[in-house]
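The next block holds one structure in the form of structure tokens; read it before the comments.
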Amino acid sequence: MMLQIDSINNQITEWVTSLDIAPKWDGPVYQLVVLFIILLLAVLSDYACRFFISHVLRRIIRSTRITWDDLLLDRKVLNRFALVVPAVLVYFLLPLAFPQQPLLLSYLLKFCLVYIIAVILRFFSALFNILFEIYSEKEKFKNRPLKGLFQTLQVILFFVGFILIISVVIDRSPMTLFAGLGASAAILSLVFKDTIMGFVSGIQLSANDMLRPGDWITMDKHGINGRVIEVTLNTVKIRNFDNTILTVPPYSLVNESFQNWRGMEESEGRRVKRSINIDVNSIRFCSSELLIKLSQIELFQDVLCGYLGGENSEQTKVSNLKLFRIYIERYIQSLPTTNSDMLYMVRYLEMTDKGLPVEFYFFSAQKVWVDYEHIVADFFDHALAILPVFELKLFQSPSGSDLDRLVRRLEN
């Protein structure tokens, strides 16, 4: 290579000498001629690369069935890589222009190397963006937090590129710089603490499938109750249901507890677990009149056959609360909006000074929030409205109107 450069150098020198110009201008004229030729070759090579990409590669890429090469063409990733060709050409031809100025030549060559490294970094950064776009559309990776992973790769890429650029500028081996970084690892760990913790936490979130974009999560400590819209290297972005956007570092989700509702949304039903308090003074054995009245309820007729009869029947052994519990279980089973294939029951909780809590436990077939709340509201509308039919009463703490009625009774 050096022999070829020397041969070209001698030919240009002979040509400049043949121009019969003043000897003191031989050097500047020589440099201007060589620089013009280098610039012309760089422009021609850039044009040739663009022509090859626009006319040759474009036809080849458009004729294939795969889609990733179309993205490389449409996002002009190949055009970025093509910028390397004229830069490399200039780098190898610059010694022809400055054969007697080694100091200036070394600075120019360093500048060319820095430019080449920067162009290569931009190319790989754009390539990572293309890979992220491709994999984020695949069904297998669609709900994975890939953005944080690709951001980590870009950080590593630019870190390595920065070290290479510094090694070119100070004219030292990159391996020497990497070895020197080991001694300053403690300082770097402090400077890049959040980045390192975010990277490790992002790997844990992804590897354990703890979080995906689109998941509904709740985290009371940070006031989070909404959908994950983005998982990056340093932040997890959540849009709350009040349309506020919260950002938390990934390591907060790893180190602290949060609730992910994805399992509920992927299941066959959403749980309803709510209770009402029954006034214990309204719980009694059913009378014949009450049994006859309840026997007119269609869901209930076969249950009451054993309790209807004469004085020696079993009517004194059944309470209105038990019949209410049986009725509600059958009512839950009959509703088209509930999933009766999943667990459902009506149970009594521990009695308190506010009455006997009766808990309704079942699963709604509809999991969308608004529709789910409508189903729960309709159920409780019916459960509360049917209570007087069973001669049961809700427990309710005395209000101002209750105290007023009590005062009037005492006055009368």
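Naming scheme: A, B, ... for chains in displayed order of the structure tokens; residues 1 onward per chain; ligands 1 onward as shown.
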
All strand (DSSP E) residues (DSSP, backbone) inside segment 72-230 of chain A, as a ChimeraX atom specification: /A:216-219,224-230

Suppose we keep all heavy atoms; can you now write the selection as a PDB file, in the first residue's frame?
ATOM      1  N   TRP A 216     -52.129  -3.822  33.610  1.00  0.00           N
ATOM      2  CA  TRP A 216     -52.740  -2.974  34.632  1.00  0.00           C
ATOM      3  C   TRP A 216     -52.079  -3.320  35.956  1.00  0.00           C
ATOM      4  O   TRP A 216     -52.158  -4.460  36.421  1.00  0.00           O
ATOM      5  CB  TRP A 216     -54.251  -3.225  34.668  1.00  0.00           C
ATOM      6  CG  TRP A 216     -54.956  -2.586  35.844  1.00  0.00           C
ATOM      7  CD1 TRP A 216     -54.508  -1.574  36.636  1.00  0.00           C
ATOM      8  CD2 TRP A 216     -56.248  -2.935  36.349  1.00  0.00           C
ATOM      9  NE1 TRP A 216     -55.433  -1.266  37.590  1.00  0.00           N
ATOM     10  CE2 TRP A 216     -56.518  -2.080  37.448  1.00  0.00           C
ATOM     11  CE3 TRP A 216     -57.207  -3.875  35.967  1.00  0.00           C
ATOM     12  CZ2 TRP A 216     -57.693  -2.156  38.174  1.00  0.00           C
ATOM     13  CZ3 TRP A 216     -58.382  -3.947  36.695  1.00  0.00           C
ATOM     14  CH2 TRP A 216     -58.625  -3.093  37.781  1.00  0.00           C
ATOM     15  N   ILE A 217     -51.405  -2.340  36.557  1.00  0.00           N
ATOM     16  CA  ILE A 217     -50.722  -2.582  37.826  1.00  0.00           C
ATOM     17  C   ILE A 217     -51.190  -1.555  38.855  1.00  0.00           C
ATOM     18  O   ILE A 217     -51.601  -0.445  38.508  1.00  0.00           O
ATOM     19  CB  ILE A 217     -49.182  -2.533  37.695  1.00  0.00           C
ATOM     20  CG1 ILE A 217     -48.716  -1.126  37.319  1.00  0.00           C
ATOM     21  CG2 ILE A 217     -48.694  -3.552  36.700  1.00  0.00           C
ATOM     22  CD1 ILE A 217     -47.203  -0.960  37.386  1.00  0.00           C
ATOM     23  N   THR A 218     -51.119  -1.939  40.127  1.00  0.00           N
ATOM     24  CA  THR A 218     -51.417  -1.033  41.230  1.00  0.00           C
ATOM     25  C   THR A 218     -50.260  -1.095  42.220  1.00  0.00           C
ATOM     26  O   THR A 218     -49.706  -2.166  42.480  1.00  0.00           O
ATOM     27  CB  THR A 218     -52.727  -1.410  41.938  1.00  0.00           C
ATOM     28  OG1 THR A 218     -52.674  -2.783  42.336  1.00  0.00           O
ATOM     29  CG2 THR A 218     -53.919  -1.196  41.024  1.00  0.00           C
ATOM     30  N   MET A 219     -49.912   0.069  42.752  1.00  0.00           N
ATOM     31  CA  MET A 219     -48.830   0.182  43.730  1.00  0.00           C
ATOM     32  C   MET A 219     -49.176   1.364  44.621  1.00  0.00           C
ATOM     33  O   MET A 219     -48.929   2.524  44.279  1.00  0.00           O
ATOM     34  CB  MET A 219     -47.496   0.382  43.007  1.00  0.00           C
ATOM     35  CG  MET A 219     -46.278   0.089  43.832  1.00  0.00           C
ATOM     36  SD  MET A 219     -44.785   0.188  42.800  1.00  0.00           S
ATOM     37  CE  MET A 219     -43.532  -0.311  43.976  1.00  0.00           C
ATOM     38  N   ILE A 224     -49.856   4.392  42.188  1.00  0.00           N
ATOM     39  CA  ILE A 224     -49.995   3.837  40.842  1.00  0.00           C
ATOM     40  C   ILE A 224     -51.254   2.984  40.756  1.00  0.00           C
ATOM     41  O   ILE A 224     -51.471   2.089  41.566  1.00  0.00           O
ATOM     42  CB  ILE A 224     -48.761   2.985  40.482  1.00  0.00           C
ATOM     43  CG1 ILE A 224     -47.513   3.864  40.398  1.00  0.00           C
ATOM     44  CG2 ILE A 224     -48.968   2.243  39.167  1.00  0.00           C
ATOM     45  CD1 ILE A 224     -46.233   3.083  40.205  1.00  0.00           C
ATOM     46  N   ASN A 225     -52.072   3.269  39.777  1.00  0.00           N
ATOM     47  CA  ASN A 225     -53.258   2.458  39.481  1.00  0.00           C
ATOM     48  C   ASN A 225     -53.631   2.717  38.028  1.00  0.00           C
ATOM     49  O   ASN A 225     -54.472   3.556  37.717  1.00  0.00           O
ATOM     50  CB  ASN A 225     -54.417   2.808  40.413  1.00  0.00           C
ATOM     51  CG  ASN A 225     -55.623   1.896  40.206  1.00  0.00           C
ATOM     52  OD1 ASN A 225     -55.517   0.859  39.544  1.00  0.00           O
ATOM     53  ND2 ASN A 225     -56.755   2.271  40.749  1.00  0.00           N
ATOM     54  N   GLY A 226     -52.962   1.998  37.127  1.00  0.00           N
ATOM     55  CA  GLY A 226     -53.204   2.240  35.706  1.00  0.00           C
ATOM     56  C   GLY A 226     -52.440   1.260  34.841  1.00  0.00           C
ATOM     57  O   GLY A 226     -51.990   0.206  35.288  1.00  0.00           O
ATOM     58  N   ARG A 227     -52.291   1.640  33.564  1.00  0.00           N
ATOM     59  CA  ARG A 227     -51.685   0.771  32.546  1.00  0.00           C
ATOM     60  C   ARG A 227     -50.235   1.176  32.279  1.00  0.00           C
ATOM     61  O   ARG A 227     -49.906   2.358  32.204  1.00  0.00           O
ATOM     62  CB  ARG A 227     -52.463   0.870  31.235  1.00  0.00           C
ATOM     63  CG  ARG A 227     -53.911   0.442  31.330  1.00  0.00           C
ATOM     64  CD  ARG A 227     -54.053  -1.054  31.205  1.00  0.00           C
ATOM     65  NE  ARG A 227     -55.453  -1.462  31.264  1.00  0.00           N
ATOM     66  CZ  ARG A 227     -55.849  -2.720  31.232  1.00  0.00           C
ATOM     67  NH1 ARG A 227     -54.951  -3.685  31.128  1.00  0.00           N
ATOM     68  NH2 ARG A 227     -57.132  -3.040  31.304  1.00  0.00           N
ATOM     69  N   VAL A 228     -49.389   0.161  32.120  1.00  0.00           N
ATOM     70  CA  VAL A 228     -47.999   0.394  31.738  1.00  0.00           C
ATOM     71  C   VAL A 228     -47.968   0.759  30.254  1.00  0.00           C
ATOM     72  O   VAL A 228     -48.470   0.010  29.409  1.00  0.00           O
ATOM     73  CB  VAL A 228     -47.132  -0.855  31.996  1.00  0.00           C
ATOM     74  CG1 VAL A 228     -45.710  -0.625  31.519  1.00  0.00           C
ATOM     75  CG2 VAL A 228     -47.162  -1.225  33.465  1.00  0.00           C
ATOM     76  N   ILE A 229     -47.411   1.904  29.943  1.00  0.00           N
ATOM     77  CA  ILE A 229     -47.355   2.329  28.538  1.00  0.00           C
ATOM     78  C   ILE A 229     -45.950   2.216  27.951  1.00  0.00           C
ATOM     79  O   ILE A 229     -45.792   2.164  26.732  1.00  0.00           O
ATOM     80  CB  ILE A 229     -47.886   3.771  28.364  1.00  0.00           C
ATOM     81  CG1 ILE A 229     -47.100   4.753  29.229  1.00  0.00           C
ATOM     82  CG2 ILE A 229     -49.358   3.836  28.706  1.00  0.00           C
ATOM     83  CD1 ILE A 229     -47.539   6.198  29.045  1.00  0.00           C
ATOM     84  N   GLU A 230     -44.923   2.162  28.823  1.00  0.00           N
ATOM     85  CA  GLU A 230     -43.562   2.071  28.287  1.00  0.00           C
ATOM     86  C   GLU A 230     -42.620   1.581  29.372  1.00  0.00           C
ATOM     87  O   GLU A 230     -42.713   1.999  30.530  1.00  0.00           O
ATOM     88  CB  GLU A 230     -43.111   3.445  27.772  1.00  0.00           C
ATOM     89  CG  GLU A 230     -41.836   3.401  26.952  1.00  0.00           C
ATOM     90  CD  GLU A 230     -41.481   4.772  26.381  1.00  0.00           C
ATOM     91  OE1 GLU A 230     -41.442   5.752  27.152  1.00  0.00           O
ATOM     92  OE2 GLU A 230     -41.256   4.850  25.173  1.00  0.00           O
TER      93      GLU A 230
END

Residues near Val272 of chain A, cut-off 10 Å, only C-alpha atoms, skip fewer than 3 positions along chain, as a list of chain:residue names: A:Gly269, A:Ser275, A:Thr338, A:Tyr344, A:Glu359, A:Phe360, A:Tyr361, A:Phe362, A:Phe363, A:Ser364, A:Tyr372, A:Glu373, A:Ile375, A:Val376

Saved selection, atoms kept: N, CA, C and O atoms, as a PDB file, in the first residue's frame:
ATOM      1  N   GLY A 269     -62.727 -15.104  34.533  1.00  0.00           N
ATOM      2  CA  GLY A 269     -63.657 -14.288  35.298  1.00  0.00           C
ATOM      3  C   GLY A 269     -62.932 -13.357  36.248  1.00  0.00           C
ATOM      4  O   GLY A 269     -61.777 -13.592  36.615  1.00  0.00           O
ATOM      5  N   SER A 275     -69.413  -7.671  50.871  1.00  0.00           N
ATOM      6  CA  SER A 275     -70.296  -8.147  51.938  1.00  0.00           C
ATOM      7  C   SER A 275     -71.287  -7.067  52.345  1.00  0.00           C
ATOM      8  O   SER A 275     -71.087  -5.879  52.075  1.00  0.00           O
ATOM      9  N   THR A 338     -72.440 -14.004  35.238  1.00  0.00           N
ATOM     10  CA  THR A 338     -71.457 -14.595  36.144  1.00  0.00           C
ATOM     11  C   THR A 338     -70.959 -15.910  35.562  1.00  0.00           C
ATOM     12  O   THR A 338     -71.642 -16.549  34.754  1.00  0.00           O
ATOM     13  N   TYR A 344     -68.144 -20.063  43.569  1.00  0.00           N
ATOM     14  CA  TYR A 344     -69.100 -19.077  44.057  1.00  0.00           C
ATOM     15  C   TYR A 344     -69.704 -19.591  45.356  1.00  0.00           C
ATOM     16  O   TYR A 344     -69.913 -20.782  45.541  1.00  0.00           O
ATOM     17  N   GLU A 359     -70.927 -12.395  53.219  1.00  0.00           N
ATOM     18  CA  GLU A 359     -70.059 -12.113  52.078  1.00  0.00           C
ATOM     19  C   GLU A 359     -70.528 -12.868  50.845  1.00  0.00           C
ATOM     20  O   GLU A 359     -70.852 -14.051  50.902  1.00  0.00           O
ATOM     21  N   PHE A 360     -70.551 -12.170  49.722  1.00  0.00           N
ATOM     22  CA  PHE A 360     -70.880 -12.760  48.416  1.00  0.00           C
ATOM     23  C   PHE A 360     -69.572 -12.927  47.645  1.00  0.00           C
ATOM     24  O   PHE A 360     -68.855 -11.957  47.404  1.00  0.00           O
ATOM     25  N   TYR A 361     -69.312 -14.154  47.261  1.00  0.00           N
ATOM     26  CA  TYR A 361     -68.052 -14.481  46.597  1.00  0.00           C
ATOM     27  C   TYR A 361     -68.376 -15.199  45.290  1.00  0.00           C
ATOM     28  O   TYR A 361     -68.901 -16.312  45.305  1.00  0.00           O
ATOM     29  N   PHE A 362     -68.087 -14.550  44.169  1.00  0.00           N
ATOM     30  CA  PHE A 362     -68.314 -15.186  42.863  1.00  0.00           C
ATOM     31  C   PHE A 362     -67.465 -14.465  41.827  1.00  0.00           C
ATOM     32  O   PHE A 362     -66.759 -13.495  42.137  1.00  0.00           O
ATOM     33  N   PHE A 363     -67.521 -14.923  40.577  1.00  0.00           N
ATOM     34  CA  PHE A 363     -66.699 -14.363  39.511  1.00  0.00           C
ATOM     35  C   PHE A 363     -67.582 -13.844  38.389  1.00  0.00           C
ATOM     36  O   PHE A 363     -68.489 -14.549  37.920  1.00  0.00           O
ATOM     37  N   SER A 364     -67.319 -12.623  38.001  1.00  0.00           N
ATOM     38  CA  SER A 364     -68.042 -12.018  36.879  1.00  0.00           C
ATOM     39  C   SER A 364     -67.415 -12.477  35.561  1.00  0.00           C
ATOM     40  O   SER A 364     -66.191 -12.527  35.429  1.00  0.00           O
ATOM     41  N   TYR A 372     -67.961  -4.544  34.486  1.00  0.00           N
ATOM     42  CA  TYR A 372     -67.858  -5.298  35.739  1.00  0.00           C
ATOM     43  C   TYR A 372     -68.598  -4.571  36.863  1.00  0.00           C
ATOM     44  O   TYR A 372     -69.350  -5.188  37.633  1.00  0.00           O
ATOM     45  N   GLU A 373     -68.397  -3.273  36.984  1.00  0.00           N
ATOM     46  CA  GLU A 373     -69.070  -2.511  38.038  1.00  0.00           C
ATOM     47  C   GLU A 373     -70.576  -2.490  37.832  1.00  0.00           C
ATOM     48  O   GLU A 373     -71.343  -2.500  38.807  1.00  0.00           O
ATOM     49  N   ILE A 375     -72.327  -4.943  36.547  1.00  0.00           N
ATOM     50  CA  ILE A 375     -72.801  -6.271  36.970  1.00  0.00           C
ATOM     51  C   ILE A 375     -72.885  -6.338  38.496  1.00  0.00           C
ATOM     52  O   ILE A 375     -73.864  -6.825  39.064  1.00  0.00           O
ATOM     53  N   VAL A 376     -71.846  -5.833  39.175  1.00  0.00           N
ATOM     54  CA  VAL A 376     -71.840  -5.842  40.638  1.00  0.00           C
ATOM     55  C   VAL A 376     -72.970  -4.981  41.189  1.00  0.00           C
ATOM     56  O   VAL A 376     -73.658  -5.366  42.140  1.00  0.00           O
TER      57      VAL A 376
END

Interatomic distance (Å, one decimal) between atom CA of Arg239 of chain A and atom CA of Glu266 of chain A: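 Going from atom CA of Arg239 of chain A over to atom CA of Glu266 of chain A, I get 20.4 Å.
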
Spatial neighbours of Gln154 of chain A, max dist 9 Å, only C-alpha atoms, sep filter under 6 positions, as a ChimeraX atom specification: /A:124-125,128

Using only C-alpha atoms: which of A:Leu205, A:Ala383, A:Leu410, A:Leu304 has the shortest distance to Glu329 of chain A: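 Checking each of A:Leu205, A:Ala383, A:Leu410, A:Leu304 against Glu329 of chain A, counting only C-alpha atoms, the winner is A:Ala383.
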
Contact residues around Phe324 of chain A with only C-alpha atoms at 9 Å, ignoring same-chain residues under 6 positions, as an NGL selection string: :A and (386-387 or 390 or 392)

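The closest residue to Glu256 of chain A, picked from A:Leu149, A:Lys221, A:Arg405, A:Val169 and counting only C-alpha atoms, is A:Lys221.
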
As a PDB file with N, CA and C atoms, in the first residue's frame, please: the residues near Val77 of chain A (cut-off 12 Å, only C-alpha atoms, same-chain neighbours under 5 positions excluded).
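File written: part-v2.pdb
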ATOM      1  N   ARG A  50     -24.647   5.806  -3.221  1.00  0.00           N
ATOM      2  CA  ARG A  50     -26.068   6.162  -3.209  1.00  0.00           C
ATOM      3  C   ARG A  50     -26.789   5.617  -4.435  1.00  0.00           C
ATOM      4  N   ILE A  53     -27.306   1.915  -3.917  1.00  0.00           N
ATOM      5  CA  ILE A  53     -28.388   1.638  -2.955  1.00  0.00           C
ATOM      6  C   ILE A  53     -29.748   1.952  -3.557  1.00  0.00           C
ATOM      7  N   TRP A  68     -37.773  -7.109   6.857  1.00  0.00           N
ATOM      8  CA  TRP A  68     -36.778  -6.347   7.606  1.00  0.00           C
ATOM      9  C   TRP A  68     -35.845  -5.566   6.688  1.00  0.00           C
ATOM     10  N   ASP A  69     -35.563  -6.115   5.478  1.00  0.00           N
ATOM     11  CA  ASP A  69     -34.691  -5.376   4.563  1.00  0.00           C
ATOM     12  C   ASP A  69     -35.382  -4.126   4.018  1.00  0.00           C
ATOM     13  N   ASP A  70     -36.736  -4.180   3.919  1.00  0.00           N
ATOM     14  CA  ASP A  70     -37.473  -2.974   3.504  1.00  0.00           C
ATOM     15  C   ASP A  70     -37.332  -1.868   4.540  1.00  0.00           C
ATOM     16  N   LEU A  71     -37.323  -2.244   5.802  1.00  0.00           N
ATOM     17  CA  LEU A  71     -37.135  -1.238   6.857  1.00  0.00           C
ATOM     18  C   LEU A  71     -35.753  -0.615   6.777  1.00  0.00           C
ATOM     19  N   LEU A  72     -34.735  -1.422   6.473  1.00  0.00           N
ATOM     20  CA  LEU A  72     -33.388  -0.877   6.317  1.00  0.00           C
ATOM     21  C   LEU A  72     -33.339   0.160   5.198  1.00  0.00           C
ATOM     22  N   ALA A  82     -23.289   3.947   4.103  1.00  0.00           N
ATOM     23  CA  ALA A  82     -22.564   4.328   2.881  1.00  0.00           C
ATOM     24  C   ALA A  82     -21.641   5.513   3.111  1.00  0.00           C
ATOM     25  N   LEU A  83     -21.905   6.319   4.151  1.00  0.00           N
ATOM     26  CA  LEU A  83     -21.026   7.463   4.436  1.00  0.00           C
ATOM     27  C   LEU A  83     -19.630   7.025   4.857  1.00  0.00           C
ATOM     28  N   VAL A 119     -19.795   7.587  12.416  1.00  0.00           N
ATOM     29  CA  VAL A 119     -20.732   7.103  11.392  1.00  0.00           C
ATOM     30  C   VAL A 119     -21.122   5.650  11.666  1.00  0.00           C
ATOM     31  N   ILE A 120     -20.158   4.839  12.048  1.00  0.00           N
ATOM     32  CA  ILE A 120     -20.455   3.432  12.357  1.00  0.00           C
ATOM     33  C   ILE A 120     -21.368   3.332  13.574  1.00  0.00           C
ATOM     34  N   LEU A 121     -21.145   4.188  14.579  1.00  0.00           N
ATOM     35  CA  LEU A 121     -22.013   4.196  15.757  1.00  0.00           C
ATOM     36  C   LEU A 121     -23.449   4.561  15.375  1.00  0.00           C
ATOM     37  N   ARG A 122     -23.598   5.571  14.542  1.00  0.00           N
ATOM     38  CA  ARG A 122     -24.955   5.966  14.090  1.00  0.00           C
ATOM     39  C   ARG A 122     -25.617   4.832  13.313  1.00  0.00           C
ATOM     40  N   PHE A 123     -24.831   4.131  12.511  1.00  0.00           N
ATOM     41  CA  PHE A 123     -25.386   3.019  11.741  1.00  0.00           C
ATOM     42  C   PHE A 123     -25.913   1.918  12.665  1.00  0.00           C
ATOM     43  N   PHE A 124     -25.100   1.511  13.651  1.00  0.00           N
ATOM     44  CA  PHE A 124     -25.541   0.447  14.550  1.00  0.00           C
ATOM     45  C   PHE A 124     -26.684   0.904  15.454  1.00  0.00           C
ATOM     46  N   SER A 125     -26.684   2.169  15.837  1.00  0.00           N
ATOM     47  CA  SER A 125     -27.800   2.687  16.630  1.00  0.00           C
ATOM     48  C   SER A 125     -29.109   2.614  15.840  1.00  0.00           C
ATOM     49  N   ALA A 126     -29.060   3.021  14.582  1.00  0.00           N
ATOM     50  CA  ALA A 126     -30.251   2.922  13.730  1.00  0.00           C
ATOM     51  C   ALA A 126     -30.632   1.461  13.495  1.00  0.00           C
ATOM     52  N   LEU A 127     -29.621   0.593  13.396  1.00  0.00           N
ATOM     53  CA  LEU A 127     -29.894  -0.832  13.207  1.00  0.00           C
ATOM     54  C   LEU A 127     -30.606  -1.417  14.432  1.00  0.00           C
ATOM     55  N   PHE A 128     -30.194  -1.007  15.631  1.00  0.00           N
ATOM     56  CA  PHE A 128     -30.862  -1.465  16.853  1.00  0.00           C
ATOM     57  C   PHE A 128     -32.316  -0.999  16.884  1.00  0.00           C
ATOM     58  N   ASN A 129     -32.557   0.231  16.413  1.00  0.00           N
ATOM     59  CA  ASN A 129     -33.942   0.730  16.370  1.00  0.00           C
ATOM     60  C   ASN A 129     -34.798  -0.105  15.421  1.00  0.00           C
ATOM     61  N   ILE A 130     -34.203  -0.509  14.306  1.00  0.00           N
ATOM     62  CA  ILE A 130     -34.922  -1.366  13.357  1.00  0.00           C
ATOM     63  C   ILE A 130     -35.221  -2.723  13.991  1.00  0.00           C
ATOM     64  N   LEU A 131     -34.221  -3.289  14.671  1.00  0.00           N
ATOM     65  CA  LEU A 131     -34.430  -4.590  15.330  1.00  0.00           C
ATOM     66  C   LEU A 131     -35.516  -4.497  16.392  1.00  0.00           C
TER      67      LEU A 131
END

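Atom CA of Ala87 of chain A sits 8.3 Å away from atom CA of Leu113 of chain A.
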